[in-house]
Every structure is written in structure tokens, then in C-alpha cells.
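Next comes target-v3.txt, a file with compact mmCIF, C-alpha atoms.
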```txt
# COMPACT_ATOMS: atom_id res chain seq x y z
CA MET W 1 24.97 0.32 12.17
CA LYS W 2 28.42 1.59 11.32
CA CYS W 3 29.88 4.85 12.65
CA ILE W 4 32.58 6.68 10.67
CA LYS W 5 34.57 9.39 12.48
CA THR W 6 36.38 11.83 10.20
CA PRO W 7 39.56 13.72 11.15
CA HIS W 8 37.48 16.90 11.59
CA PHE W 9 35.26 15.15 14.16
CA LEU W 10 38.27 13.62 15.92
CA ARG W 11 39.88 17.08 16.25
CA GLN W 12 36.73 18.34 17.98
CA ILE W 13 36.92 15.39 20.38
CA GLU W 14 40.58 16.17 21.14
CA LYS W 15 39.67 19.74 22.12
CA LEU W 16 36.89 18.55 24.43
CA GLU W 17 39.09 15.79 25.87
CA LYS W 18 41.17 18.37 27.75
CA LYS W 19 38.17 19.16 29.94
CA TYR W 20 36.16 15.93 29.66
CA ARG W 21 38.67 13.11 30.12
CA ARG W 22 36.19 10.29 29.51
CA ILE W 23 34.86 11.57 26.20
CA GLN W 24 36.79 9.02 24.13
CA SER W 25 35.16 6.07 25.91
CA ASP W 26 31.77 7.80 25.63
CA ILE W 27 32.27 8.15 21.86
CA ASP W 28 33.45 4.55 21.52
CA ASP W 29 30.39 3.27 23.42
CA PHE W 30 28.15 5.50 21.32
CA CYS W 31 29.58 4.16 18.06
CA LYS W 32 29.41 0.52 19.19
CA GLU W 33 25.81 0.46 20.34
CA LYS W 34 24.11 3.54 18.95
CA ALA W 35 20.88 3.25 17.09
CA LEU W 36 18.82 6.32 16.50
CA ASP W 37 16.32 6.33 19.36
CA SER W 38 14.18 8.67 21.38
CA SER W 39 17.25 10.71 22.40
CA SER W 40 17.78 11.58 18.71
CA ALA W 41 16.08 14.53 17.08
CA ASP W 42 15.56 14.43 13.32
CA LEU W 43 16.69 17.85 12.11
CA TRP W 44 16.04 17.36 8.40
CA ASP W 45 16.76 14.95 5.55
CA GLY W 46 18.85 12.38 7.45
CA PHE W 47 20.56 14.89 9.74
CA TYR W 48 20.19 14.13 13.45
CA LYS W 49 20.99 15.82 16.74
CA ILE W 50 21.86 13.10 19.24
CA ARG W 51 22.42 13.21 22.99
CA LEU W 52 25.68 11.55 23.98
CA LYS W 53 26.39 10.57 27.56
CA ASN W 54 29.00 12.66 29.34
CA SER W 55 30.63 10.33 31.89
CA SER W 56 32.90 13.14 33.07
CA ILE W 57 29.86 14.98 34.51
CA PRO W 58 27.60 12.44 36.21
CA THR W 59 24.43 14.56 36.12
CA GLY W 60 21.23 14.57 34.09
CA LYS W 61 20.86 14.40 30.31
CA ARG W 62 20.71 18.18 30.08
CA TRP W 63 24.52 18.33 30.43
CA TRP W 64 25.36 15.54 28.00
CA PHE W 65 27.22 16.14 24.76
CA ARG W 66 25.31 16.86 21.58
CA VAL W 67 26.36 15.27 18.30
CA ILE W 68 25.17 16.36 14.87
CA ALA W 69 25.34 13.45 12.44
CA LYS W 70 24.23 12.42 8.98
CA MET W 71 22.68 8.98 8.47
CA HIS W 72 23.14 7.46 5.03
CA ALA W 73 22.68 3.82 4.00
CA ASP W 74 22.80 2.56 7.61
CA VAL W 75 26.06 4.42 8.27
CA LEU W 76 26.22 7.23 10.83
CA TYR W 77 28.62 10.07 10.07
CA PRO W 78 29.03 12.28 13.16
CA PHE W 79 30.55 15.63 12.22
CA VAL W 80 29.83 18.14 15.02
CA ILE W 81 30.11 17.58 18.76
CA TYR W 82 29.72 20.09 21.55
CA ALA W 83 29.27 20.09 25.30
CA LYS W 84 25.88 21.37 26.35
CA THR W 85 27.56 22.84 29.45
CA GLU W 86 29.58 25.18 27.21
CA LYS W 87 27.21 25.90 24.35
CA GLU W 88 23.43 25.98 24.30
CA ASN W 89 23.01 25.19 20.60
CA VAL W 90 24.73 25.22 17.21
CA THR W 91 23.74 27.40 14.29
CA ILE W 92 22.73 26.19 10.85
CA GLY W 93 25.96 27.77 9.58
CA GLU W 94 28.04 25.67 11.98
CA ILE W 95 26.20 22.54 10.88
CA GLU W 96 26.75 23.36 7.20
CA GLU W 97 30.44 24.11 7.79
CA GLY W 98 30.95 20.86 9.72
CA TYR W 99 29.13 18.86 7.05
CA GLU W 100 31.25 20.39 4.27
CA LYS W 101 34.45 19.52 6.16
CA MET W 102 33.23 15.97 6.74
CA VAL W 103 32.36 15.48 3.07
CA SER W 104 35.76 16.82 1.97
CA GLU W 105 37.50 14.26 4.23
CA LEU W 106 35.60 11.20 3.05
```

Rewrite the structure of this file - the entire thing - as C-alpha cells.
Amino acid sequence: MKCIKTPHFLRQIEKLEKKYRRIQSDIDDFCKEKALDSSSADLWDGFYKIRLKNSSIPTGKRWWFRVIAKMHADVLYPFVIYAKTEKENVTIGEIEEGYEKMVSEL
């Protein structure tokens, strides 16, 4: 499976990197070995909410990052990332906005 990170997604990572210094390696590991598994929730029509390990906070899965991604033709397009420690959930509007930005950058 291929993982394509758009500039919009990379900017979100940069913001989180100030607080979570290991996020880049977590993202790289995620993109290298990630297959949609039991930690992935199918939101709708190829959109997934995925738990992403947070090595900067060595606690349970509850505090991991969350990634919203679109799967198309065996390619994963992550376009929203947030730290569960800072935000409980994302709104449909935030997902739509992130998706539109991702599509405009492809």
C-alpha cells in the first residue's frame, strides 16, 4: 500500500511536531507498514479514521494521534491529523475542508 502525504497534511504535522517531537518517525513508520486493520474505523465510502502511535507520549492507545484518510486504488491519502490529547474529535466540516485541500494539492 502506498501513502501519499500532501503539503496540507505535512503542515499539520509541522504544527504538532513542536509538542510531539517523534511524530515524524511515527508518520514514517505508519506509511511504511500501515494496512487498514482493527485500529481503523470505516467512516464512509473509503474514508477512514486511523489510530496512529504517539511515541512522544508512551501511554495507552487513547492518547495516540488520529488520522483521517481516504483510501483509493490501494493508495492511502491521509489529510487530517490531530492529537487525541488536545482534541476529542473532528467535525464533518473539518473532514470536508481537509479533503478539499488535499484534492486541490494532488

Residues within 7 Å of region 7-12 of chain W, all atoms listed in the file, excluding chain neighbours under 5 positions, as a list of chain:residue names: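 Using all atoms listed in the file, the neighbours found are W:Pro78, W:Phe79, W:Val80, W:Ile81, W:Lys101, W:Met102.
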
Using all atoms listed in the file, which protein or nucleic acid residues come within 12 Å of Ser56 (chain W)? Drop anything in the same chain fewer than 6 positions from it, and give the result as an mmCIF file with C-alpha atoms, in the coordinates of the input.
```
data_model
loop_
_atom_site.group_PDB
_atom_site.id
_atom_site.type_symbol
_atom_site.label_atom_id
_atom_site.label_comp_id
_atom_site.auth_asym_id
_atom_site.auth_seq_id
_atom_site.Cartn_x
_atom_site.Cartn_y
_atom_site.Cartn_z
ATOM 1 C CA LEU W 16 36.890 18.550 24.430
ATOM 2 C CA GLU W 17 39.090 15.790 25.870
ATOM 3 C CA LYS W 18 41.170 18.370 27.750
ATOM 4 C CA LYS W 19 38.170 19.160 29.940
ATOM 5 C CA TYR W 20 36.160 15.930 29.660
ATOM 6 C CA ARG W 21 38.670 13.110 30.120
ATOM 7 C CA ARG W 22 36.190 10.290 29.510
ATOM 8 C CA ILE W 23 34.860 11.570 26.200
ATOM 9 C CA GLN W 24 36.790 9.020 24.130
ATOM 10 C CA SER W 25 35.160 6.070 25.910
ATOM 11 C CA ASP W 26 31.770 7.800 25.630
ATOM 12 C CA TRP W 63 24.520 18.330 30.430
ATOM 13 C CA TRP W 64 25.360 15.540 28.000
ATOM 14 C CA PHE W 65 27.220 16.140 24.760
ATOM 15 C CA ALA W 83 29.270 20.090 25.300
ATOM 16 C CA THR W 85 27.560 22.840 29.450
#
```

Contact residues around region 42-47 of chain W with all atoms listed in the file at 9 Å, ignoring same-chain residues under 6 positions, as a list in words: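 Everything that qualifies: Ile68, Ala69, Lys70, Met71 and His72 of chain W.
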
Straight-line distance linking CA of Lys15 (chain W) with CA of Lys2 (chain W), stated in Å to one decimal: 23.9 Å

Given all atoms listed in the file as the counted atoms, nearest of W:Arg66, W:Pro58, W:Phe30, W:Ile13 to Glu86 (chain W):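 With all atoms listed in the file as the atom set, the closest residue is W:Arg66.
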
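CA of Leu106 (chain W) sits 20.5 Å away from CA of Lys49 (chain W).
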
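Of note, CA of Ser104 (chain W) and CA of Lys53 (chain W) are spaced 28.0 Å apart.
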
Given only C-alpha atoms as the counted atoms, nearest of W:Ile27, W:Ile57, W:Met1, W:Val103 to Lys84 (chain W):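 The shortest atom-to-atom distance to Lys84 (chain W) comes from W:Ile57.
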
Quick one: what's the axis-aligned box for region 5-9 of chain W, all listed atoms, 8 Å on every side, centre and edges in Å to one decimal, as lines of an AutoDock Vina configuration file?
```
center_x = 37.1
center_y = 13.1
center_z = 12.2
size_x = 21.0
size_y = 23.5
size_z = 20.0
```
